[in-house]
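S.K.: One structure, pasted below without further comment.
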Amino acid sequence: MKLYGAERGVNPRRVRIFLAEKGVADIEHVNLDLRAGDNLSDEFLQKNPWRTVPVLELDDGSFISESVAICRYFEALYPEPNLFGTTPYEIADIETWSRRVEFDCQVPTSQCFRNVTRIFEGREECSEEWGEISRRRMLEGLLRMERRLEESTFVTGERFTVADIMLTVVLDQALNAIKQPLDEEHYGSLLSWYDEIKARPSYRA
Ligand SMILES: N[C@@H](CCC(=O)N[C@@H](CS)C(=O)NCC(=O)O)C(=O)O
């Protein structure tokens with residue numbers, strides 16, 4: 001199997017952390033330079049018409065091209081450690097929190113990053129105003145996660161799941177790429193959770 005990704009892309013990173021948590025190492029990694037437009041080539045278009053990474057190429061020549069779908073594929077191949085839930089309730093609860101992280105936190109964070117830094121200017125319309133609106137939405141989304149983490153060790157409760165991986169890449173992008181300061185007073189539980197996550201070996205993936 002071959003995994004097409006990009007070193008700094010948040011969605012490829014979700015898959016890399018997921019694989020590290022599963023202990024899966026026998027995958028060939030192909031790194032694309034998104035700023036240089038590697039993902040826009042005709043060759044890559046054949047692999048994923050959406051022109052995004054990650055993309056997993058299977059040994060039979062088929063492709064899976066959504067990060068969560070790739071994670072689900074690996075969960076089915078390697079059920080342990082479980083990251084998507086086991087009981088019907090737990091599966092639904094992890095899905096609930098994962099979607100909250102994606103819609104309330106990842107979407108505005110990504111929109112803030114793309115519009116404030118104008119990283120893909122020339123390929124997409126950029127708006128400073130939309131970047132700043134997205135920043136405020138990102139901060140609101142992260143405050144909701146702060147409230148959650150005041151009462152819960154991990155995003156979905158007392159064990160690490162895929163929802164924690166989703167929040168990890170959001171926080172990385174907010175703090176390191178956007179350089180958004182998050183103060184202890186308002187985001188203390190979120191930052192403590194982040195310290196725990198950064199201590200896991202999978203964080204280096
Ligand atoms: N929903 C997709 C999103 C994939 C995505 O947007 N990937 C970014 C990198 S993090 C990308 O390939 N961007 C290239 C571009 O926008 O040109 C997933 O979860 O895999």
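Note on naming: chains are A, B, ... as they come in the structure tokens, residues start from 1 per chain, ligands start from 1 in the order shown.
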Quick one: residues within 7 Å of Ser67 in chain A, only C-alpha atoms, excluding same-chain residues fewer than 5 positions away - as a list of chain:residue names?

M.R.: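 So, after excluding close chain neighbours, the residues are A:Asn11, A:Pro12, A:Arg14, A:Val15, A:Pro54.
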
S.K.: Give as a list in words the residues surrounding ligand 1 up to a distance of 8 Å, considering only C-alpha atoms and all ligand atoms.

M.R.: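 For ligand 1, the residues inside 8 Å are Gly5, Ala6, Arg8, Gly9, Val10, Asn11, Pro12, Arg13, Leu34, Arg35, Gly37, Asn39, Leu40, Arg51, Thr52, Val53, Pro54, Val55, Ser65, Glu66, Ser67, Val68, Phe120 and Arg123 of chain A.
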
S.K.: Quote the spacing between CA of Gly131 in chain A and CA of Asn115 in chain A in Å to one decimal place.

M.R.: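 We find that CA of Gly131 in chain A and CA of Asn115 in chain A lie 4.7 Å from each other.
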
S.K.: Do a neighbour search on Glu95 in chain A at 10 Å with only C-alpha atoms, toss out local chain neighbours closer than 5 positions, and write the hits as a list in words.

M.R.: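 After dropping sequence-adjacent residues, the list is Phe84, Gly85, Tyr89, Glu90, Arg100, Val101, Thr156, Val162 and Ala163 of chain A.
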
S.K.: May I have all residues of range 126-170 of chain A that DSSP, computed from the backbone, assigns to helix (DSSP H, G or I), given as a ChimeraX atom specification?

M.R.: /A:128-151,162-170

S.K.: For Ile133 in chain A, which residue among A:Phe113, A:Asp164, A:Arg118, A:Glu57 is the nearest when counting only C-alpha atoms?

M.R.: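 Among the listed residues, A:Phe113 lies closest to Ile133 in chain A.
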
S.K.: To one decimal place in Å, what is the distance between CA of Leu143 in chain A and CA of Thr117 in chain A?

M.R.: 23.0 Å

S.K.: May I ask which of the residues A:Ala36, A:Val169, A:Lys179, A:Met1 is the closest one to Ile70 in chain A, counting only C-alpha atoms?

M.R.: A:Met1

S.K.: Residues of range 52-149 of chain A in strand (DSSP E) according to DSSP, as a list in words?

M.R.: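 Secondary structure check on range 52-149 of chain A, strand (DSSP E): Val55, Leu56, Glu57, Phe63 and Ile64 of chain A.
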
S.K.: Could you write those residues out with all heavy atoms, as a short mmCIF file (atom, residue, chain, number, x, y, z; two decimals), in the first residue's frame?

M.R.:
data_model
loop_
_atom_site.label_atom_id
_atom_site.label_comp_id
_atom_site.auth_asym_id
_atom_site.auth_seq_id
_atom_site.Cartn_x
_atom_site.Cartn_y
_atom_site.Cartn_z
N VAL A 55 -4.23 10.26 0.09
CA VAL A 55 -4.82 9.25 -0.77
C VAL A 55 -4.09 7.94 -0.47
O VAL A 55 -2.86 7.92 -0.43
CB VAL A 55 -4.64 9.60 -2.27
CG1 VAL A 55 -5.11 8.43 -3.14
CG2 VAL A 55 -5.41 10.86 -2.63
N LEU A 56 -4.87 6.89 -0.27
CA LEU A 56 -4.27 5.57 -0.06
C LEU A 56 -4.45 4.75 -1.32
O LEU A 56 -5.57 4.59 -1.81
CB LEU A 56 -4.95 4.86 1.12
CG LEU A 56 -4.40 3.48 1.47
CD1 LEU A 56 -2.98 3.59 2.06
CD2 LEU A 56 -5.32 2.75 2.45
N GLU A 57 -3.33 4.26 -1.85
CA GLU A 57 -3.39 3.38 -3.03
C GLU A 57 -3.24 1.94 -2.55
O GLU A 57 -2.26 1.59 -1.88
CB GLU A 57 -2.25 3.74 -4.00
CG GLU A 57 -2.29 2.89 -5.26
CD GLU A 57 -1.29 3.37 -6.32
OE1 GLU A 57 -0.61 4.39 -6.12
OE2 GLU A 57 -1.20 2.67 -7.34
N PHE A 63 -8.17 3.20 -4.98
CA PHE A 63 -7.78 4.35 -4.16
C PHE A 63 -8.85 4.69 -3.12
O PHE A 63 -10.04 4.56 -3.40
CB PHE A 63 -7.57 5.59 -5.04
CG PHE A 63 -6.46 5.43 -6.03
CD1 PHE A 63 -6.74 5.07 -7.35
CD2 PHE A 63 -5.13 5.61 -5.66
CE1 PHE A 63 -5.71 4.90 -8.27
CE2 PHE A 63 -4.10 5.45 -6.57
CZ PHE A 63 -4.39 5.10 -7.89
N ILE A 64 -8.40 5.16 -1.96
CA ILE A 64 -9.31 5.73 -0.95
C ILE A 64 -8.79 7.13 -0.68
O ILE A 64 -7.61 7.31 -0.38
CB ILE A 64 -9.31 4.92 0.36
CG1 ILE A 64 -9.60 3.44 0.08
CG2 ILE A 64 -10.33 5.48 1.36
CD1 ILE A 64 -9.46 2.53 1.31
#

S.K.: May I ask which of the residues A:Val155, A:Asp60, A:Cys71, A:Arg137 is the closest one to Thr96 in chain A, counting only C-alpha atoms?

M.R.: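 Under the stated criterion, the closest residue is A:Val155.
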